[in-house]
$ cat work31.cif   # mmCIF, C-alpha atoms
data_start
loop_
_atom_site.label_atom_id
_atom_site.label_comp_id
_atom_site.auth_asym_id
_atom_site.auth_seq_id
_atom_site.Cartn_x
_atom_site.Cartn_y
_atom_site.Cartn_z
CA MET A 1 0.00 0.00 0.00
CA ASN A 2 1.29 3.43 -0.92
CA ASP A 3 1.93 6.24 1.54
CA LYS A 4 -0.98 8.65 1.69
CA ALA A 5 -1.20 12.44 1.78
CA ALA A 6 -4.35 14.42 2.65
CA ILE A 7 -4.55 18.13 1.90
CA VAL A 8 -7.35 20.55 2.80
CA LEU A 9 -7.49 23.63 0.60
CA PHE A 10 -9.55 26.13 2.57
CA SER A 11 -8.11 29.30 1.03
CA GLY A 12 -9.37 30.78 -2.22
CA GLU A 13 -6.13 32.47 -3.13
CA LEU A 14 -4.09 31.84 -6.24
CA ASP A 15 -0.75 31.56 -4.46
CA LYS A 16 -2.05 29.09 -1.84
CA ALA A 17 -3.83 27.02 -4.50
CA ILE A 18 -0.56 26.82 -6.43
CA ALA A 19 1.30 25.76 -3.28
CA ALA A 20 -1.30 23.09 -2.48
CA LEU A 21 -1.28 21.66 -6.00
CA THR A 22 2.52 21.75 -6.22
CA ILE A 23 2.70 19.67 -3.03
CA ALA A 24 -0.12 17.35 -4.17
CA ASN A 25 1.29 16.74 -7.64
CA THR A 26 4.84 16.27 -6.39
CA ALA A 27 3.66 13.75 -3.79
CA ALA A 28 1.60 11.91 -6.42
CA ALA A 29 4.56 11.86 -8.82
CA MET A 30 6.62 10.31 -6.01
CA GLY A 31 4.10 7.48 -5.77
CA MET A 32 1.92 8.66 -2.90
CA ASP A 33 -1.88 8.39 -2.86
CA VAL A 34 -3.02 11.98 -2.58
CA THR A 35 -6.47 13.27 -1.63
CA MET A 36 -7.39 16.95 -1.74
CA PHE A 37 -10.43 18.41 0.04
CA PHE A 38 -11.63 21.75 -1.23
CA THR A 39 -13.67 23.65 1.33
CA PHE A 40 -14.94 27.19 1.90
CA TRP A 41 -13.12 29.67 -0.39
CA GLY A 42 -11.06 26.79 -1.76
CA LEU A 43 -14.17 25.53 -3.59
CA ASN A 44 -13.55 28.43 -5.98
CA VAL A 45 -10.58 26.61 -7.43
CA LEU A 46 -12.84 23.82 -8.69
CA LYS A 47 -15.90 25.82 -9.71
CA LYS A 48 -16.97 25.53 -13.33
CA ALA A 49 -18.17 28.64 -15.15
CA GLY A 50 -21.98 28.96 -15.29
CA ALA A 51 -25.05 29.89 -13.32
CA CYS A 52 -26.19 28.66 -9.95
CA SER A 53 -29.94 28.21 -10.15
CA LYS A 54 -30.84 26.69 -6.80
CA ALA A 55 -29.07 29.27 -4.65
CA SER A 56 -30.96 31.82 -2.56
CA MET A 57 -30.57 35.58 -3.10
CA LEU A 58 -28.01 35.82 -0.29
CA GLN A 59 -26.11 32.78 -1.54
CA ARG A 60 -26.03 34.23 -5.04
CA LEU A 61 -24.66 37.50 -3.66
CA MET A 62 -21.93 35.65 -1.72
CA ASN A 63 -21.08 33.54 -4.78
CA ALA A 64 -20.99 36.62 -7.01
CA MET A 65 -18.37 38.20 -4.72
CA ASN A 66 -16.47 34.95 -4.42
CA ARG A 67 -15.18 34.87 -7.99
CA GLY A 68 -11.59 34.70 -9.13
CA LEU A 69 -8.53 33.84 -7.10
CA PRO A 70 -6.67 36.84 -5.69
CA LEU A 71 -3.19 36.68 -4.23
CA SER A 72 -2.95 36.47 -0.43
CA ARG A 73 -0.66 39.55 -0.60
CA PHE A 74 -0.19 42.42 -3.05
CA ASP A 75 -3.25 41.56 -5.08
CA PHE A 76 -4.09 45.24 -5.68
CA PHE A 77 -7.46 44.42 -7.26
CA GLY A 78 -5.90 42.01 -9.70
CA ILE A 79 -2.64 43.71 -10.71
CA GLY A 80 -0.51 41.48 -8.45
CA ARG A 81 -2.33 38.44 -9.80
CA VAL A 82 -1.45 39.33 -13.36
CA MET A 83 2.17 40.02 -12.37
CA MET A 84 2.40 36.66 -10.58
CA SER A 85 0.86 34.78 -13.52
CA ARG A 86 3.34 36.50 -15.84
CA LEU A 87 6.27 35.62 -13.58
CA MET A 88 5.10 32.01 -13.40
CA ARG A 89 4.79 31.80 -17.17
CA ASP A 90 8.25 33.34 -17.59
CA SER A 91 9.76 30.64 -15.40
CA LYS A 92 7.86 27.93 -17.31
CA MET A 93 5.59 26.97 -14.41
CA GLN A 94 2.22 25.40 -15.10
CA THR A 95 -0.88 27.54 -14.75
CA LEU A 96 -3.44 26.55 -12.11
CA PRO A 97 -5.79 24.84 -14.66
CA GLU A 98 -2.81 22.91 -16.02
CA MET A 99 -1.88 21.87 -12.48
CA LEU A 100 -5.43 20.61 -11.87
CA GLN A 101 -5.23 18.67 -15.13
CA THR A 102 -1.90 17.14 -14.06
CA ALA A 103 -3.40 16.29 -10.67
CA ARG A 104 -6.17 14.35 -12.39
CA GLU A 105 -3.69 12.55 -14.66
CA LEU A 106 -1.56 11.59 -11.64
CA GLY A 107 -4.61 10.17 -9.88
CA VAL A 108 -4.92 12.84 -7.18
CA LYS A 109 -8.45 12.58 -5.75
CA LEU A 110 -10.26 15.94 -5.76
CA TYR A 111 -13.20 16.27 -3.36
CA ALA A 112 -15.52 19.19 -2.65
CA CYS A 113 -16.80 19.70 0.90
CA THR A 114 -20.55 19.11 1.15
CA THR A 115 -21.00 21.35 4.21
CA SER A 116 -19.50 24.40 2.47
CA MET A 117 -21.49 23.59 -0.66
CA GLY A 118 -24.68 23.55 1.43
CA VAL A 119 -23.92 26.93 3.00
CA MET A 120 -23.12 28.50 -0.36
CA GLY A 121 -26.01 26.78 -2.18
CA LEU A 122 -23.73 25.01 -4.65
CA ALA A 123 -24.51 21.70 -6.35
CA GLN A 124 -22.18 18.89 -7.42
CA GLU A 125 -22.68 19.60 -11.12
CA GLU A 126 -21.02 22.99 -10.63
CA PHE A 127 -17.72 21.29 -9.83
CA ASP A 128 -15.33 19.13 -11.77
CA VAL A 129 -14.53 16.73 -8.92
CA ASP A 130 -14.25 13.06 -8.02
CA GLY A 131 -17.00 13.52 -5.46
CA CYS A 132 -18.57 15.63 -2.74
CA VAL A 133 -17.80 14.48 0.79
CA GLY A 134 -18.00 15.63 4.39
CA ALA A 135 -15.38 16.26 7.07
CA ALA A 136 -15.53 12.63 8.22
CA THR A 137 -14.11 11.46 4.89
CA PHE A 138 -11.22 13.89 5.27
CA ILE A 139 -10.49 12.77 8.86
CA ASN A 140 -10.58 9.16 7.73
CA GLU A 141 -7.99 9.83 5.03
CA ALA A 142 -5.89 12.09 7.24
CA ARG A 143 -5.60 9.58 10.08
CA LYS A 144 -4.15 7.03 7.63
CA ALA A 145 -1.95 9.61 5.91
CA LYS A 146 1.77 10.23 6.44
CA VAL A 147 1.24 13.89 5.59
CA SER A 148 -1.85 16.00 6.38
CA LEU A 149 -1.85 19.71 5.63
CA PHE A 150 -4.37 22.54 6.01
CA ILE A 151 -3.73 25.27 3.45
CA MET B 1 -5.52 3.85 22.96
CA ASN B 2 -7.46 6.10 20.59
CA ASP B 3 -5.96 7.86 17.60
CA LYS B 4 -5.05 11.45 18.40
CA ALA B 5 -5.50 14.72 16.53
CA ALA B 6 -3.76 18.00 17.45
CA ILE B 7 -4.97 21.28 15.96
CA VAL B 8 -3.41 24.73 16.37
CA LEU B 9 -5.84 27.58 15.80
CA PHE B 10 -3.64 30.61 15.15
CA SER B 11 -6.12 32.62 13.09
CA GLY B 12 -8.76 34.84 14.65
CA GLU B 13 -11.19 34.59 11.77
CA LEU B 14 -14.71 33.24 11.93
CA ASP B 15 -14.42 31.02 8.86
CA LYS B 16 -11.14 29.43 9.97
CA ALA B 17 -12.46 28.90 13.52
CA ILE B 18 -15.50 27.14 12.04
CA ALA B 19 -13.25 24.96 9.88
CA ALA B 20 -11.04 24.07 12.85
CA LEU B 21 -13.98 23.19 15.09
CA THR B 22 -15.73 21.22 12.35
CA ILE B 23 -12.60 19.09 11.94
CA ALA B 24 -12.10 18.79 15.71
CA ASN B 25 -15.70 17.83 16.47
CA THR B 26 -15.93 15.39 13.58
CA ALA B 27 -12.69 13.69 14.65
CA ALA B 28 -13.92 13.51 18.26
CA ALA B 29 -17.27 12.09 17.13
CA MET B 30 -15.32 9.42 15.25
CA GLY B 31 -13.63 8.40 18.47
CA MET B 32 -10.34 10.30 18.23
CA ASP B 33 -8.74 12.13 21.16
CA VAL B 34 -8.61 15.73 19.99
CA THR B 35 -6.56 18.59 21.43
CA MET B 36 -6.91 22.18 20.22
CA PHE B 37 -4.30 24.87 20.94
CA PHE B 38 -5.50 28.43 20.60
CA THR B 39 -2.68 30.87 20.01
CA PHE B 40 -2.22 34.49 18.85
CA TRP B 41 -5.42 35.79 17.21
CA GLY B 42 -7.03 32.39 17.79
CA LEU B 43 -7.21 33.19 21.52
CA ASN B 44 -10.07 35.50 20.57
CA VAL B 45 -12.30 32.49 19.96
CA LEU B 46 -12.06 31.50 23.62
CA LYS B 47 -12.07 34.93 25.26
CA LYS B 48 -14.82 35.60 27.77
CA ALA B 49 -16.48 39.01 27.80
CA GLY B 50 -15.11 41.37 30.48
CA ALA B 51 -12.23 43.63 31.42
CA CYS B 52 -8.54 42.90 31.45
CA SER B 53 -7.12 44.57 34.53
CA LYS B 54 -3.49 43.47 34.58
CA ALA B 55 -2.72 44.48 31.00
CA SER B 56 -0.50 47.45 30.15
CA MET B 57 -1.76 50.42 28.13
CA LEU B 58 -0.31 48.99 24.91
CA GLN B 59 -1.71 45.53 25.64
CA ARG B 60 -5.12 47.02 26.32
CA LEU B 61 -4.98 48.87 23.01
CA MET B 62 -4.04 45.68 21.14
CA ASN B 63 -6.78 43.75 22.93
CA ALA B 64 -9.34 46.47 22.19
CA MET B 65 -8.60 46.16 18.47
CA ASN B 66 -8.57 42.38 18.64
CA ARG B 67 -12.30 41.94 19.24
CA GLY B 68 -14.74 39.96 17.18
CA LEU B 69 -14.02 37.39 14.53
CA PRO B 70 -13.99 38.76 10.97
CA LEU B 71 -14.06 36.60 7.87
CA SER B 72 -10.71 35.96 6.17
CA ARG B 73 -12.30 37.31 2.95
CA PHE B 74 -15.16 39.67 2.15
CA ASP B 75 -15.61 40.79 5.75
CA PHE B 76 -16.41 44.39 4.69
CA PHE B 77 -16.31 45.64 8.30
CA GLY B 78 -18.77 43.02 9.46
CA ILE B 79 -21.26 42.77 6.60
CA GLY B 80 -19.73 39.55 5.23
CA ARG B 81 -19.70 38.12 8.74
CA VAL B 82 -23.43 38.72 9.15
CA MET B 83 -24.11 37.24 5.70
CA MET B 84 -22.05 34.16 6.50
CA SER B 85 -23.76 33.67 9.87
CA ARG B 86 -27.12 33.98 8.16
CA LEU B 87 -26.16 31.45 5.46
CA MET B 88 -24.91 29.05 8.15
CA ARG B 89 -28.15 29.38 10.12
CA ASP B 90 -30.19 28.84 6.93
CA SER B 91 -28.40 25.55 6.29
CA LYS B 92 -28.89 24.49 9.92
CA MET B 93 -25.20 24.67 10.85
CA GLN B 94 -24.20 25.24 14.45
CA THR B 95 -22.96 28.69 15.46
CA LEU B 96 -19.40 29.00 16.73
CA PRO B 97 -20.45 29.09 20.43
CA GLU B 98 -22.56 25.99 19.84
CA MET B 99 -19.59 24.28 18.19
CA LEU B 100 -17.41 25.09 21.20
CA GLN B 101 -20.09 23.66 23.48
CA THR B 102 -20.24 20.49 21.37
CA ALA B 103 -16.44 20.27 21.45
CA ARG B 104 -16.54 20.30 25.26
CA GLU B 105 -19.28 17.68 25.34
CA LEU B 106 -17.29 15.44 22.99
CA GLY B 107 -14.22 15.74 25.23
CA VAL B 108 -12.11 17.90 22.90
CA LYS B 109 -9.35 19.46 25.02
CA LEU B 110 -9.17 23.25 24.58
CA TYR B 111 -5.88 24.89 25.54
CA ALA B 112 -4.79 28.53 25.43
CA CYS B 113 -1.16 29.33 24.56
CA THR B 114 0.69 30.84 27.53
CA THR B 115 3.25 32.68 25.38
CA SER B 116 0.60 34.57 23.44
CA MET B 117 -1.29 35.26 26.66
CA GLY B 118 1.89 36.75 28.14
CA VAL B 119 2.45 39.02 25.13
CA MET B 120 -1.16 40.21 25.18
CA GLY B 121 -1.35 40.52 28.97
CA LEU B 122 -4.21 38.03 29.27
CA ALA B 123 -4.87 35.84 32.32
CA GLN B 124 -6.32 32.31 32.54
CA GLU B 125 -9.58 33.54 34.11
CA GLU B 126 -10.34 35.42 30.89
CA PHE B 127 -10.69 32.14 29.01
CA ASP B 128 -13.06 29.22 29.23
CA VAL B 129 -10.42 26.51 28.67
CA ASP B 130 -9.12 23.21 30.00
CA GLY B 131 -5.78 24.85 30.69
CA CYS B 132 -3.04 27.22 29.56
CA VAL B 133 0.00 25.51 28.10
CA GLY B 134 3.15 26.26 26.09
CA ALA B 135 4.38 25.10 22.69
CA ALA B 136 6.08 22.04 24.22
CA THR B 137 2.69 20.61 25.21
CA PHE B 138 1.47 21.04 21.64
CA ILE B 139 4.59 19.38 20.17
CA ASN B 140 4.20 16.52 22.61
CA GLU B 141 0.61 15.91 21.51
CA ALA B 142 1.38 16.46 17.83
CA ARG B 143 4.22 13.93 17.71
CA LYS B 144 1.85 11.26 19.04
CA ALA B 145 -1.03 12.38 16.79
CA LYS B 146 -2.14 10.83 13.50
CA VAL B 147 -3.30 14.25 12.33
CA SER B 148 -1.69 17.63 13.17
CA LEU B 149 -2.96 20.80 11.54
CA PHE B 150 -2.06 24.48 11.75
CA ILE B 151 -5.07 26.64 10.94
CA MET C 1 16.69 7.92 15.19
CA ASN C 2 14.97 11.07 16.43
CA ASP C 3 11.39 12.02 15.67
CA LYS C 4 11.15 14.43 12.76
CA ALA C 5 9.12 17.58 12.17
CA ALA C 6 8.69 19.29 8.78
CA ILE C 7 7.32 22.82 8.58
CA VAL C 8 6.49 24.81 5.45
CA LEU C 9 6.50 28.56 5.99
CA PHE C 10 4.52 29.97 3.05
CA SER C 11 3.36 33.19 4.72
CA GLY C 12 5.48 36.33 4.84
CA GLU C 13 3.91 37.69 7.98
CA LEU C 14 5.71 38.47 11.22
CA ASP C 15 3.19 36.75 13.47
CA LYS C 16 3.12 33.54 11.43
CA ALA C 17 6.92 33.48 11.13
CA ILE C 18 7.11 33.80 14.93
CA ALA C 19 4.61 30.95 15.35
CA ALA C 20 6.53 28.73 12.91
CA LEU C 21 9.88 29.39 14.57
CA THR C 22 8.45 28.94 18.08
CA ILE C 23 7.16 25.51 17.07
CA ALA C 24 10.40 24.63 15.24
CA ASN C 25 12.71 25.72 18.05
CA THR C 26 10.59 24.07 20.75
CA ALA C 27 10.53 20.80 18.82
CA ALA C 28 14.30 20.98 18.26
CA ALA C 29 14.89 21.73 21.96
CA MET C 30 12.82 18.61 22.74
CA GLY C 31 15.22 16.53 20.64
CA MET C 32 13.33 16.37 17.34
CA ASP C 33 15.02 16.75 13.94
CA VAL C 34 13.32 19.79 12.45
CA THR C 35 13.32 20.93 8.82
CA MET C 36 11.79 24.21 7.70
CA PHE C 37 10.92 24.98 4.08
CA PHE C 38 10.53 28.64 3.22
CA THR C 39 8.46 29.21 0.12
CA PHE C 40 6.63 32.09 -1.61
CA TRP C 41 6.25 35.06 0.77
CA GLY C 42 7.97 33.04 3.49
CA LEU C 43 11.26 33.46 1.61
CA ASN C 44 11.21 37.03 2.90
CA VAL C 45 12.05 35.77 6.38
CA LEU C 46 15.41 34.48 5.16
CA LYS C 47 16.32 37.18 2.65
CA LYS C 48 19.60 39.00 3.24
CA ALA C 49 19.73 42.75 2.66
CA GLY C 50 21.21 43.73 -0.71
CA ALA C 51 20.51 44.00 -4.41
CA CYS C 52 19.13 41.40 -6.75
CA SER C 53 21.02 41.74 -10.00
CA LYS C 54 19.77 38.82 -12.07
CA ALA C 55 16.08 39.57 -11.64
CA SER C 56 13.93 40.92 -14.47
CA MET C 57 12.15 44.29 -14.22
CA LEU C 58 8.89 42.59 -13.16
CA GLN C 59 10.69 40.39 -10.64
CA ARG C 60 12.45 43.41 -9.20
CA LEU C 61 9.11 45.20 -8.84
CA MET C 62 7.57 42.20 -7.07
CA ASN C 63 10.62 41.90 -4.80
CA ALA C 64 10.56 45.62 -4.05
CA MET C 65 6.95 45.32 -2.82
CA ASN C 66 7.73 42.14 -0.95
CA ARG C 67 9.87 43.74 1.76
CA GLY C 68 9.33 43.61 5.47
CA LEU C 69 7.06 41.31 7.42
CA PRO C 70 3.64 42.78 8.20
CA LEU C 71 1.24 41.30 10.73
CA SER C 72 -1.55 39.12 9.33
CA ARG C 73 -4.01 41.40 11.17
CA PHE C 74 -3.93 45.00 12.40
CA ASP C 75 -0.72 45.85 10.60
CA PHE C 76 -1.92 49.40 9.77
CA PHE C 77 1.08 50.07 7.50
CA GLY C 78 3.55 49.08 10.18
CA ILE C 79 2.02 50.47 13.36
CA GLY C 80 0.68 47.09 14.50
CA ARG C 81 4.06 45.55 13.74
CA VAL C 82 5.85 48.03 15.98
CA MET C 83 3.26 47.50 18.74
CA MET C 84 3.64 43.72 18.49
CA SER C 85 7.45 43.93 18.55
CA ARG C 86 7.22 46.17 21.60
CA LEU C 87 4.83 43.77 23.36
CA MET C 88 7.13 40.85 22.56
CA ARG C 89 10.15 42.69 23.92
CA ASP C 90 8.22 43.65 27.06
CA SER C 91 7.45 39.99 27.73
CA LYS C 92 11.10 39.02 27.07
CA MET C 93 10.40 37.10 23.89
CA GLN C 94 13.12 36.70 21.30
CA THR C 95 12.97 38.82 18.15
CA LEU C 96 12.62 37.03 14.81
CA PRO C 97 16.35 37.33 13.94
CA GLU C 98 17.19 35.94 17.38
CA MET C 99 14.78 33.05 16.80
CA LEU C 100 16.46 32.27 13.47
CA GLN C 101 19.84 32.32 15.23
CA THR C 102 18.51 29.94 17.91
CA ALA C 103 17.09 27.70 15.19
CA ARG C 104 20.53 27.43 13.60
CA GLU C 105 22.16 26.71 16.97
CA LEU C 106 19.59 23.98 17.69
CA GLY C 107 20.31 22.36 14.32
CA VAL C 108 17.00 23.23 12.63
CA LYS C 109 17.54 22.84 8.88
CA LEU C 110 16.46 25.93 6.94
CA TYR C 111 15.71 25.44 3.24
CA ALA C 112 14.57 27.90 0.58
CA CYS C 113 12.19 26.66 -2.14
CA THR C 114 13.85 26.65 -5.56
CA THR C 115 10.58 26.99 -7.48
CA SER C 116 9.59 30.21 -5.69
CA MET C 117 13.15 31.50 -6.05
CA GLY C 118 12.93 30.89 -9.80
CA VAL C 119 9.63 32.76 -10.11
CA MET C 120 10.94 35.71 -8.10
CA GLY C 121 14.38 35.71 -9.75
CA LEU C 122 16.22 35.15 -6.47
CA ALA C 123 19.58 33.40 -6.14
CA GLN C 124 20.95 31.22 -3.32
CA GLU C 125 23.49 33.85 -2.25
CA GLU C 126 20.60 36.14 -1.29
CA PHE C 127 19.60 33.76 1.49
CA ASP C 128 21.24 32.59 4.66
CA VAL C 129 20.11 28.96 4.40
CA ASP C 130 21.30 25.37 4.59
CA GLY C 131 20.29 24.88 0.99
CA CYS C 132 17.79 25.46 -1.80
CA VAL C 133 15.51 22.53 -2.50
CA GLY C 134 12.30 21.62 -4.34
CA ALA C 135 8.94 20.31 -3.17
CA ALA C 136 10.12 16.69 -3.48
CA THR C 137 12.63 17.24 -0.67
CA PHE C 138 9.84 18.60 1.54
CA ILE C 139 7.52 15.65 0.76
CA ASN C 140 10.34 13.25 1.50
CA GLU C 141 10.92 14.80 4.92
CA ALA C 142 7.20 15.18 5.65
CA ARG C 143 6.36 11.54 4.93
CA LYS C 144 8.96 10.48 7.51
CA ALA C 145 7.93 13.17 10.01
CA LYS C 146 5.68 12.80 13.06
CA VAL C 147 4.54 16.40 12.61
CA SER C 148 4.08 18.26 9.29
CA LEU C 149 2.62 21.74 9.26
CA PHE C 150 1.84 24.31 6.57
CA ILE C 151 1.98 27.82 8.00
#

$ encode --input "work31.cif" --output "structure tokens"
Amino acid sequence: MNDKAAIVLFSGELDKAIAALTIANTAAAMGMDVTMFFTFWGLNVLKKAGACSKASMLQRLMNAMNRGLPLSRFDFFGIGRVMMSRLMRDSKMQTLPEMLQTARELGVKLYACTTSMGVMGLAQEEFDVDGCVGAATFINEARKAKVSLFI
Amino acid sequence: MNDKAAIVLFSGELDKAIAALTIANTAAAMGMDVTMFFTFWGLNVLKKAGACSKASMLQRLMNAMNRGLPLSRFDFFGIGRVMMSRLMRDSKMQTLPEMLQTARELGVKLYACTTSMGVMGLAQEEFDVDGCVGAATFINEARKAKVSLFI
Amino acid sequence: MNDKAAIVLFSGELDKAIAALTIANTAAAMGMDVTMFFTFWGLNVLKKAGACSKASMLQRLMNAMNRGLPLSRFDFFGIGRVMMSRLMRDSKMQTLPEMLQTARELGVKLYACTTSMGVMGLAQEEFDVDGCVGAATFINEARKAKVSLFI
């Protein structure tokens, strides 16, 4: 049985998402079984484009604000984000969508948190994930994992 | 002996406190021995209402600012917080005080960090905790734990 | 063989750097083998003063912004930072440079992340570290460690 890694991505920031996926993909490439749990703002990383019909007014307002992935520092309403993306491209790093694609190819399991989805009025079809699970599934993976991180 | 989990709550933000307590309570409900260490801004989560007599002027100023638990994103001076609380209530989630109560009922150990308390001039009677401990106690729990998280 | 701890410092904030080094130094003082990986904004903690000749215009701009270590809350353009430093001194805590010195004396291994260095156009001689390594080195330490944290 392979070593396991379990990573929660709570943050909805570009730099933290990149860090989480770099760790996940590297671990998977080294032969570990990696599971990622996207919760709260982190759900943003997995959200497909498109409308959200079942959400309430308040949920739709929260979801409308919660678009895009800023930097955790120096975002400056998007300028820092563009600079960072440019710097990453210049040093031949993958973009975030490419990293997600690589994660899928390496067999990283991507799960969305059902509790956060309930609060935000989001449905499974709005995400490109292996499944929607609760905290118990994360704990169960994490207790068997060699590495558990909250990002 | 049960599996252990050790969680540091460093952040003083509502959403991160909810995430930490959701993980802690779920792990405890699954039969794990869970210890939470509240440090720095995270101490806010455990602070009782009331004055802080032994603190210096500067400590009192810092403590006066460090009230309430904003969101880590979209707080907008409290508007986001109210929206989030409303969304949580709508989806029948527990409030943070209810989660803390559940944590106590499930036997989650809640510790305040003595170093942070010293810096902020806070005394044990200002917290509703199982004890006030230093980093060594956390390390000692974490090295025996299956899951250690810094939130 | 001693128990291991592996800590990623991603954040470039004074309070989080203090938390990371408090945990690292305490673990090392308790006889654990501790490795710290400084990545993204966390690289700031290790940066020596001085120019950065090989960086591009955009990298130099990013690095120019990325100076100093603010607080994660109540920084107020440096005022909170000064208050916090004052409070730490009043309670006889070590400063961050002193903590780094203690870390080195206790044998904590300090590594800078090569990927982040590449993106930011930073070279090894700009850091006072034990080495520059990639994510694989972190994973390899973390999977053998009793405690792995992402801060």

$ resolve_selection --input "work31.cif" --expression "the PyMOL selection byres ((chain B and resi 118) around 12)" --output "PyMOL selection string"
(chain B and resi 39-40+43+54-56+59+112-117+119-124+132-134) or (chain C and resi 87-93)

$ residues_near_point --input "work31.cif" --point "(-11.9, 13.0, 5.9)" --cutoff "10 Å" --atoms "all atoms listed in the file" --output "PDB file with C-alpha atoms, in the frame of the given file"
ATOM      1  CA  ALA A   6      -4.350  14.420   2.650  1.00  0.00           C
ATOM      2  CA  ILE A   7      -4.550  18.130   1.900  1.00  0.00           C
ATOM      3  CA  VAL A   8      -7.350  20.550   2.800  1.00  0.00           C
ATOM      4  CA  THR A  35      -6.470  13.270  -1.630  1.00  0.00           C
ATOM      5  CA  MET A  36      -7.390  16.950  -1.740  1.00  0.00           C
ATOM      6  CA  PHE A  37     -10.430  18.410   0.040  1.00  0.00           C
ATOM      7  CA  TYR A 111     -13.200  16.270  -3.360  1.00  0.00           C
ATOM      8  CA  CYS A 113     -16.800  19.700   0.900  1.00  0.00           C
ATOM      9  CA  VAL A 133     -17.800  14.480   0.790  1.00  0.00           C
ATOM     10  CA  GLY A 134     -18.000  15.630   4.390  1.00  0.00           C
ATOM     11  CA  ALA A 135     -15.380  16.260   7.070  1.00  0.00           C
ATOM     12  CA  ALA A 136     -15.530  12.630   8.220  1.00  0.00           C
ATOM     13  CA  THR A 137     -14.110  11.460   4.890  1.00  0.00           C
ATOM     14  CA  PHE A 138     -11.220  13.890   5.270  1.00  0.00           C
ATOM     15  CA  ILE A 139     -10.490  12.770   8.860  1.00  0.00           C
ATOM     16  CA  ASN A 140     -10.580   9.160   7.730  1.00  0.00           C
ATOM     17  CA  GLU A 141      -7.990   9.830   5.030  1.00  0.00           C
ATOM     18  CA  ALA A 142      -5.890  12.090   7.240  1.00  0.00           C
ATOM     19  CA  ARG A 143      -5.600   9.580  10.080  1.00  0.00           C
ATOM     20  CA  LYS A 144      -4.150   7.030   7.630  1.00  0.00           C
TER      21      LYS A 144
ATOM     22  CA  ILE B  23     -12.600  19.090  11.940  1.00  0.00           C
ATOM     23  CA  THR B  26     -15.930  15.390  13.580  1.00  0.00           C
ATOM     24  CA  ALA B  27     -12.690  13.690  14.650  1.00  0.00           C
TER      25      ALA B  27
END

$ interface_residues --input "work31.cif" --of "chain B" --to "chain A" --cutoff "12 Å" --atoms "all atoms listed in the file" --output "ChimeraX atom specification"
/B:2-9,14-34,71-76,79-94,142,144-151

$ atom_distance --input "work31.cif" --atom1 "atom CA of Pro70 of chain C" --atom2 "atom CA of Thr95 of chain C"
14.2 Å

$ atom_distance --input "work31.cif" --atom1 "atom CA of Leu46 of chain A" --atom2 "atom CA of Leu106 of chain A"
16.9 Å

$ atom_distance --input "work31.cif" --atom1 "atom CA of Arg60 of chain A" --atom2 "atom CA of Gly78 of chain B"
18.4 Å

$ closest_residue --input "work31.cif" --among "A:Glu98, A:Phe38, A:Leu69, A:Ala103" --to "Gly131 of chain A" --atoms "only C-alpha atoms"
A:Phe38

$ residues_around --input "work31.cif" --residues "Arg104 of chain C" --least-positions-apart "5" --cutoff "10 Å" --atoms "all atoms listed in the file" --output "list in words"
Asn25, Glu98, Met99, Lys109, Leu110, Val129 and Asp130 of chain C

$ decode --input "work31.cif" --residues "segment 64-71 of chain B" --atoms "N, CA, C and O atoms" --output "mmCIF file, in the first residue's frame"
data_model
loop_
_atom_site.group_PDB
_atom_site.id
_atom_site.type_symbol
_atom_site.label_atom_id
_atom_site.label_comp_id
_atom_site.auth_asym_id
_atom_site.auth_seq_id
_atom_site.Cartn_x
_atom_site.Cartn_y
_atom_site.Cartn_z
ATOM 1 N N ALA B 64 -8.139 45.742 22.598
ATOM 2 C CA ALA B 64 -9.344 46.466 22.194
ATOM 3 C C ALA B 64 -9.577 46.322 20.691
ATOM 4 O O ALA B 64 -10.713 46.177 20.232
ATOM 5 N N MET B 65 -8.479 46.347 19.915
ATOM 6 C CA MET B 65 -8.602 46.159 18.466
ATOM 7 C C MET B 65 -9.009 44.722 18.161
ATOM 8 O O MET B 65 -9.807 44.456 17.265
ATOM 9 N N ASN B 66 -8.419 43.808 18.927
ATOM 10 C CA ASN B 66 -8.566 42.383 18.645
ATOM 11 C C ASN B 66 -9.860 41.828 19.234
ATOM 12 O O ASN B 66 -9.861 40.943 20.076
ATOM 13 N N ARG B 67 -10.963 42.378 18.809
ATOM 14 C CA ARG B 67 -12.301 41.937 19.243
ATOM 15 C C ARG B 67 -13.042 41.382 18.039
ATOM 16 O O ARG B 67 -12.837 41.843 16.922
ATOM 17 N N GLY B 68 -13.914 40.471 18.277
ATOM 18 C CA GLY B 68 -14.741 39.961 17.184
ATOM 19 C C GLY B 68 -13.943 39.070 16.262
ATOM 20 O O GLY B 68 -12.724 39.048 16.299
ATOM 21 N N LEU B 69 -14.651 38.323 15.452
ATOM 22 C CA LEU B 69 -14.018 37.392 14.527
ATOM 23 C C LEU B 69 -14.459 37.726 13.116
ATOM 24 O O LEU B 69 -15.545 37.351 12.684
ATOM 25 N N PRO B 70 -13.622 38.438 12.356
ATOM 26 C CA PRO B 70 -13.988 38.762 10.973
ATOM 27 C C PRO B 70 -13.875 37.526 10.087
ATOM 28 O O PRO B 70 -13.366 36.492 10.514
ATOM 29 N N LEU B 71 -14.348 37.622 8.871
ATOM 30 C CA LEU B 71 -14.060 36.599 7.870
ATOM 31 C C LEU B 71 -12.666 36.838 7.299
ATOM 32 O O LEU B 71 -12.187 37.967 7.283
#
